[in-house]
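Visitor: Sharing model_4.txt (compact mmCIF, C-alpha atoms and all ligand atoms) below.
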```txt
# COMPACT_ATOMS: atom_id res chain seq x y z
CA MET F 1 -6.10 51.09 96.05
CA ARG F 2 -6.40 48.44 93.43
CA LYS F 3 -8.93 48.64 90.66
CA LEU F 4 -10.06 45.10 91.47
CA SER F 5 -11.94 46.43 94.43
CA MET F 6 -14.43 48.22 92.24
CA ALA F 7 -15.28 45.02 90.42
CA LEU F 8 -16.29 43.45 93.69
CA LEU F 9 -18.45 46.37 94.58
CA ALA F 10 -20.13 45.89 91.23
CA GLY F 11 -20.92 42.30 92.21
CA VAL F 12 -18.19 40.53 90.24
CA ALA F 13 -16.52 37.56 91.92
CA LEU F 14 -12.81 37.92 92.45
CA VAL F 15 -9.99 35.55 93.16
CA GLY F 16 -7.37 36.80 95.58
CA CYS F 17 -5.80 40.19 95.71
CA GLY F 18 -2.61 39.76 93.70
CA GLY F 19 0.62 41.06 95.10
CA PRO F 20 3.08 39.14 97.20
CA GLU F 21 0.72 37.60 99.71
CA ALA F 22 1.18 33.86 99.92
CA SER F 23 -1.04 32.51 102.65
CA GLU F 24 -1.35 28.74 102.74
CA LYS F 25 0.86 28.42 99.68
CA ALA F 26 4.54 27.81 99.10
CA PRO F 27 6.43 31.12 99.09
CA MET F 28 6.85 32.73 95.69
CA SER F 29 10.31 32.52 94.22
CA TRP F 30 12.21 35.78 93.79
CA GLU F 31 11.73 35.51 90.04
CA GLU F 32 7.97 35.07 90.41
CA PHE F 33 7.77 37.91 92.87
CA ARG F 34 9.89 40.18 90.69
CA ALA F 35 7.66 39.44 87.73
CA SER F 36 4.52 40.22 89.73
CA ALA F 37 5.72 43.63 90.92
CA ILE F 38 4.69 46.61 88.84
CA ASN F 39 7.52 48.89 87.76
CA ASP F 40 6.07 52.34 88.25
CA GLU F 41 7.60 55.62 87.14
CA GLY F 42 11.18 56.33 88.12
CA ASP F 43 12.79 53.66 90.26
CA VAL F 44 9.67 52.61 92.14
CA PHE F 45 7.94 49.24 92.27
CA VAL F 46 4.32 48.85 93.38
CA VAL F 47 3.52 45.89 95.64
CA ASN F 48 0.33 44.84 97.42
CA GLY F 49 -1.78 46.83 95.01
CA ASP F 50 -0.81 50.37 95.92
CA GLU F 51 2.30 50.45 98.08
CA ALA F 52 5.63 51.73 96.76
CA VAL F 53 9.10 50.32 97.39
CA GLU F 54 12.24 51.84 95.94
CA GLY F 55 14.42 50.24 93.32
CA GLU F 56 15.42 46.65 92.61
CA GLN F 57 17.27 46.62 95.92
CA GLY F 58 14.21 47.80 97.83
CA LEU F 59 12.13 45.19 96.09
CA ARG F 60 14.63 42.49 96.99
CA GLU F 61 14.71 43.63 100.63
CA TYR F 62 10.94 43.56 100.69
CA TYR F 63 10.98 40.05 99.23
CA ASP F 64 13.57 38.83 101.74
CA ALA F 65 11.61 40.26 104.65
CA PHE F 66 8.44 38.73 103.28
CA VAL F 67 9.95 35.27 102.92
CA ALA F 68 11.75 35.45 106.26
CA ASN F 69 8.42 36.30 107.88
CA GLY F 70 6.39 34.06 105.65
CA ASP F 71 4.39 32.68 108.54
CA VAL F 72 1.11 34.32 109.37
CA GLY F 73 1.14 37.25 111.76
CA SER F 74 -0.84 37.40 114.95
CA SER F 75 -4.19 39.16 115.03
CA GLU F 76 -3.55 40.45 118.54
CA GLY F 77 -3.21 44.02 119.01
CA SER F 78 -8.09 48.19 113.65
CA LEU F 79 -5.06 49.79 112.58
CA ALA F 80 -1.60 48.29 112.04
CA VAL F 81 1.53 50.38 111.65
CA TYR F 82 4.41 49.41 109.35
CA TYR F 83 7.02 47.79 111.61
CA LEU F 84 10.58 47.03 110.51
CA SER F 85 13.56 45.84 112.54
CA GLY F 86 11.77 46.37 115.81
CA ARG F 87 10.66 49.94 115.08
CA ASP F 88 7.48 51.64 113.93
CA VAL F 89 7.81 53.28 110.51
CA LYS F 90 6.35 56.66 111.44
CA TYR F 91 7.13 60.38 111.56
CA SER F 92 8.55 62.43 114.39
CA ALA F 93 5.97 64.60 116.15
CA THR F 94 7.40 67.63 114.32
CA GLN F 95 7.31 66.07 110.87
CA ALA F 96 3.80 64.71 111.45
CA ARG F 97 2.60 68.30 111.92
CA ASN F 98 4.27 69.50 108.71
CA LEU F 99 3.27 67.12 105.90
CA THR F 100 3.40 69.60 103.04
CA TYR F 101 2.29 68.65 99.54
CA CYS F 102 1.68 70.11 96.11
CA ILE F 103 -1.00 69.12 93.60
CA SER F 104 0.15 69.16 90.00
CA SER F 105 -2.07 71.63 88.18
CA SER F 106 -0.76 70.59 84.77
CA SER F 107 -1.40 66.85 85.24
CA PHE F 108 -4.88 67.21 86.77
CA GLY F 109 -5.96 69.90 84.32
CA THR F 110 -9.73 70.42 84.52
CA ARG F 111 -9.88 68.02 87.49
CA TYR F 112 -7.52 70.16 89.55
CA SER F 113 -10.10 71.84 91.78
CA THR F 114 -11.88 68.52 92.37
CA MET F 115 -8.55 67.04 93.46
CA VAL F 116 -7.74 69.97 95.76
CA SER F 117 -11.01 69.61 97.65
CA ALA F 118 -10.79 65.79 97.81
CA MET F 119 -7.28 65.99 99.32
CA ASN F 120 -8.48 68.59 101.81
CA SER F 121 -11.38 66.39 102.88
CA ALA F 122 -9.29 63.21 103.12
CA ALA F 123 -6.57 64.98 105.11
CA ALA F 124 -9.17 66.49 107.43
CA ALA F 125 -10.43 63.03 108.38
CA TRP F 126 -6.99 62.05 109.76
CA GLU F 127 -6.28 65.52 111.18
CA ALA F 128 -9.53 65.41 113.15
CA THR F 129 -8.39 62.40 115.14
CA ALA F 130 -4.58 62.22 115.14
CA ASN F 131 -1.93 64.85 115.83
CA VAL F 132 -0.99 65.21 112.16
CA ASN F 133 -1.22 68.15 109.78
CA PHE F 134 -1.28 67.98 105.98
CA ILE F 135 -0.52 71.34 104.38
CA HIS F 136 -1.33 72.14 100.74
CA SER F 137 1.58 74.30 99.54
CA SER F 138 -0.22 75.57 96.45
CA SER F 139 2.63 77.84 95.39
CA TYR F 140 4.39 74.68 94.13
CA ASP F 141 1.40 73.34 92.17
CA SER F 142 2.74 74.64 88.86
CA SER F 143 6.01 72.70 89.32
CA CYS F 144 4.78 69.73 91.32
CA THR F 145 7.16 66.90 90.45
CA ALA F 146 8.91 64.02 92.24
CA SER F 147 11.99 66.21 92.52
CA GLN F 148 10.23 69.26 93.99
CA THR F 149 12.08 69.76 97.29
CA GLY F 150 9.83 72.61 98.43
CA VAL F 151 7.25 70.07 99.60
CA PHE F 152 7.33 66.80 101.54
CA PHE F 153 5.38 64.94 98.82
CA ASP F 154 3.76 65.53 95.45
CA VAL F 155 0.29 64.59 94.19
CA ARG F 156 0.01 63.94 90.47
CA MET F 157 -2.40 62.35 87.99
CA VAL F 158 -1.36 59.36 85.90
CA SER F 159 -3.35 57.23 83.48
CA GLY F 160 -3.56 53.61 82.37
CA GLN F 161 -2.21 52.24 85.65
CA SER F 162 -3.29 49.00 87.35
CA TYR F 163 -4.07 50.97 90.50
CA THR F 164 -6.67 53.61 91.25
CA ALA F 165 -4.11 55.41 93.38
CA ARG F 166 -0.85 54.61 95.11
CA ALA F 167 1.06 56.17 97.95
CA PHE F 168 4.23 55.71 100.04
CA PHE F 169 5.37 55.03 103.60
CA PRO F 170 7.19 57.34 106.04
CA ASN F 171 10.56 55.74 105.24
CA SER F 172 10.39 56.61 101.52
CA SER F 173 12.90 59.04 100.05
CA ARG F 174 11.72 62.23 98.35
CA SER F 175 11.61 60.80 94.82
CA ALA F 176 9.21 58.04 95.91
CA ARG F 177 7.07 60.27 98.12
CA ASN F 178 4.24 60.67 95.61
CA VAL F 179 0.51 60.14 95.76
CA LEU F 180 -0.32 59.13 92.19
CA VAL F 181 -3.98 59.14 91.20
CA ASP F 182 -5.07 57.30 88.07
CA SER F 183 -7.51 59.16 85.82
CA SER F 184 -10.00 56.32 86.40
CA ALA F 185 -10.45 57.60 89.97
CA PHE F 186 -12.49 60.44 88.47
CA GLY F 187 -14.92 58.02 86.89
CA ASN F 188 -17.56 55.76 88.42
CA MET F 189 -16.08 53.80 91.33
CA GLY F 190 -19.32 52.37 92.66
CA ALA F 191 -19.62 53.03 96.39
CA TRP F 192 -16.23 54.71 96.56
CA THR F 193 -15.55 58.38 96.23
CA LEU F 194 -12.24 59.99 95.29
CA THR F 195 -12.07 61.31 98.85
CA GLY F 196 -12.56 57.79 100.21
CA VAL F 197 -9.71 56.41 98.11
CA LEU F 198 -7.50 59.27 99.31
CA ARG F 199 -8.38 58.57 102.95
CA HIS F 200 -6.93 55.08 102.38
CA GLU F 201 -3.83 56.39 100.58
CA LEU F 202 -3.12 59.00 103.27
CA GLY F 203 -3.33 56.14 105.77
CA HIS F 204 -0.31 54.59 104.01
CA VAL F 205 1.41 57.99 104.04
CA LEU F 206 1.01 58.01 107.83
CA GLY F 207 2.52 54.52 108.08
CA PHE F 208 -0.55 52.28 108.21
CA ARG F 209 -0.49 48.88 106.53
CA HIS F 210 -3.34 47.02 104.89
CA GLU F 211 -5.59 45.71 107.65
CA HIS F 212 -6.21 42.49 105.72
CA THR F 213 -2.55 41.46 106.13
CA ARG F 214 -3.27 40.71 109.78
CA LEU F 215 -5.21 37.50 109.14
CA SER F 216 -4.48 34.67 106.72
CA SER F 217 -8.23 34.01 106.49
CA THR F 218 -8.67 37.20 104.46
CA GLY F 219 -6.78 35.49 101.64
CA CYS F 220 -4.75 38.69 101.25
CA TYR F 221 -1.91 38.20 103.69
CA GLU F 222 1.11 40.30 102.66
CA ASP F 223 3.79 39.98 105.35
CA ALA F 224 4.37 40.24 109.08
CA ASN F 225 6.06 43.65 109.08
CA TRP F 226 3.39 45.41 111.09
CA ARG F 227 2.37 46.07 114.67
CA GLY F 228 -1.27 46.16 115.71
CA LEU F 229 -2.45 49.38 117.30
CA THR F 230 -5.94 48.08 118.03
CA ASN F 231 -7.69 44.76 117.49
CA TYR F 232 -8.33 43.57 113.94
CA ASP F 233 -11.09 45.58 112.24
CA SER F 234 -12.68 44.18 109.09
CA TYR F 235 -14.35 47.58 108.51
CA SER F 236 -11.05 49.52 108.59
CA VAL F 237 -10.36 52.18 105.96
CA MET F 238 -7.14 50.19 105.35
CA HIS F 239 -9.00 46.93 104.55
CA TYR F 240 -9.65 45.97 100.91
CA PRO F 241 -13.34 44.99 100.63
CA GLN F 242 -12.51 42.06 98.35
CA CYS F 243 -10.28 40.55 101.06
CA ARG F 244 -13.25 39.57 103.20
CA GLY F 245 -13.65 43.13 104.40
CA SER F 246 -16.95 44.23 105.91
CA GLN F 247 -17.13 47.77 104.54
CA THR F 248 -19.55 47.90 101.59
CA GLY F 249 -19.87 51.68 101.40
CA ASP F 250 -17.24 54.36 100.93
CA LEU F 251 -13.83 54.08 102.58
CA VAL F 252 -14.14 55.86 105.91
CA LEU F 253 -12.23 55.91 109.19
CA THR F 254 -13.85 53.62 111.75
CA SER F 255 -13.77 54.33 115.47
CA MET F 256 -10.94 51.78 115.77
CA ASP F 257 -9.01 53.52 112.95
CA LYS F 258 -9.32 56.75 114.90
CA THR F 259 -8.17 55.11 118.12
CA GLY F 260 -5.19 53.55 116.34
CA ALA F 261 -4.19 56.80 114.62
CA ARG F 262 -4.32 58.68 117.92
CA ALA F 263 -2.21 56.00 119.56
CA LEU F 264 0.54 56.42 116.95
CA TYR F 265 0.33 60.24 116.74
CA PRO F 266 -0.95 61.42 120.14
ZN ZN F 301 -3.48 50.38 100.08
```
Is it possible to give me this structure as structure tokens?

Guide:
Amino acid sequence: MRKLSMALLAGVALVGCGGPEASEKAPMSWEEFRASAINDEGDVFVVNGDEAVEGEQGLREYYDAFVANGDVGSSEGSLAVYYLSGRDVKYSATQARNLTYCISSSSFGTRYSTMVSAMNSAAAAWEATANVNFIHSSSYDSSCTASQTGVFFDVRMVSGQSYTARAFFPNSSRSARNVLVDSSAFGNMGAWTLTGVLRHELGHVLGFRHEHTRLSSTGCYEDANWRGLTNYDSYSVMHYPQCRGSQTGDLVLTSMDKTGARALYP
């Protein structure tokens, strides 16, 4: 999630959502797009606020797909799954039941136990409705890095980032499969809780795109690489509030989010 969202919740007017969306405007040039992407740790770039793509090549591919599909996507059918080259970007049934992760005890420090329970709660929300299983492999917490192959993904704390947290999609390689949580997520986030932010991030981990990319009228259109699982839902856990979203409280799964998640992981 982007930090901008909190400003809106605090009553501050915002203009747009940043990132590569370009509704009703001429497409950004590659140079402009490249300059707008945030180079995160390792070889990862952050686009659309909190989504990771890998390397300059990945960024270029994302840009090319975005420009090629620069027209506005259809709102026909709350949840939208990442969709590339005619295929859903999702896990096999087996992998979906074995999403192991570690939580870096050294990076979270005194916030470690808070983080463990927030991840448990956020994971439980998706597990309660879809056939997915997140497993905390705590034996790796003391060596929880981007190169830890004992887990499917790592959860670490960072600081001074433009995002509150960022995640990855099912097609990411191990080094990019991180959920990074900025230290600001442990401060006052208005209506949002840490668990709420993680519910949104784990939605990306499962393959769900930002709901606000489905309509140009949100002002936050990103690209057309998605497939609707249900009708558009302005209350979706995957919808940024500042993009004409309807959710003013914490980020929670709506009944349409649950229906969509079950449809993808029955
Ligand atoms: Zn997001």

Visitor: Rounded to one decimal place, report the atom CA of His212 of chain F-atom CA of His239 of chain F distance in Å.

Guide: 5.4 Å

Visitor: Tell me which of F:Ser104, F:Asn131, F:Ser113, F:Ser234 sits closest to Tyr265 of chain F, counting only C-alpha atoms.

Guide: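 Of F:Ser104, F:Asn131, F:Ser113, F:Ser234, the one nearest Tyr265 of chain F is F:Asn131, counting only C-alpha atoms.
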
Visitor: All residues within 9 Å of ligand ZN 301 (chain F) are required, counting all atoms listed in the file; please report them as a PDB file with C-alpha atoms, in the coordinates of the input.

Guide:
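Contents of part07.pdb, as written:
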```
ATOM      1  CA  MET F   1      -6.100  51.090  96.050  1.00  0.00           C
ATOM      2  CA  ARG F   2      -6.400  48.440  93.430  1.00  0.00           C
ATOM      3  CA  ASN F  48       0.330  44.840  97.420  1.00  0.00           C
ATOM      4  CA  GLY F  49      -1.780  46.830  95.010  1.00  0.00           C
ATOM      5  CA  ASP F  50      -0.810  50.370  95.920  1.00  0.00           C
ATOM      6  CA  GLU F  51       2.300  50.450  98.080  1.00  0.00           C
ATOM      7  CA  ALA F 165      -4.110  55.410  93.380  1.00  0.00           C
ATOM      8  CA  ARG F 166      -0.850  54.610  95.110  1.00  0.00           C
ATOM      9  CA  ALA F 167       1.060  56.170  97.950  1.00  0.00           C
ATOM     10  CA  VAL F 197      -9.710  56.410  98.110  1.00  0.00           C
ATOM     11  CA  HIS F 200      -6.930  55.080 102.380  1.00  0.00           C
ATOM     12  CA  GLU F 201      -3.830  56.390 100.580  1.00  0.00           C
ATOM     13  CA  GLY F 203      -3.330  56.140 105.770  1.00  0.00           C
ATOM     14  CA  HIS F 204      -0.310  54.590 104.010  1.00  0.00           C
ATOM     15  CA  PHE F 208      -0.550  52.280 108.210  1.00  0.00           C
ATOM     16  CA  ARG F 209      -0.490  48.880 106.530  1.00  0.00           C
ATOM     17  CA  HIS F 210      -3.340  47.020 104.890  1.00  0.00           C
ATOM     18  CA  MET F 238      -7.140  50.190 105.350  1.00  0.00           C
ATOM     19  CA  HIS F 239      -9.000  46.930 104.550  1.00  0.00           C
ATOM     20  CA  TYR F 240      -9.650  45.970 100.910  1.00  0.00           C
TER      21      TYR F 240
END
```

Visitor: Enumerate, as a list in words, the protein, DNA and RNA residues whose atoms approach (-14.0, 57.8, 109.3) to within 9 Å, taking into account only C-alpha atoms and the coordinate frame of the file.

Guide: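 Residues with an atom at most 9 Å from (-14.0, 57.8, 109.3): Ala125, Trp126, Arg199, Ser236, Val237, Leu251, Val252, Leu253, Thr254, Ser255, Asp257 and Lys258 of chain F.
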
Visitor: Name the residues in contact with Leu194 of chain F at a cut-off of 9 Å, using all atoms listed in the file, excluding same-chain residues fewer than 3 positions from it; report them as a list in words.

Guide: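 In the requested form, the answer reads Met115, Ala118, Met119, Ala122, Ala185, Phe186, Met189, Val197, Leu198 and Arg199 of chain F.
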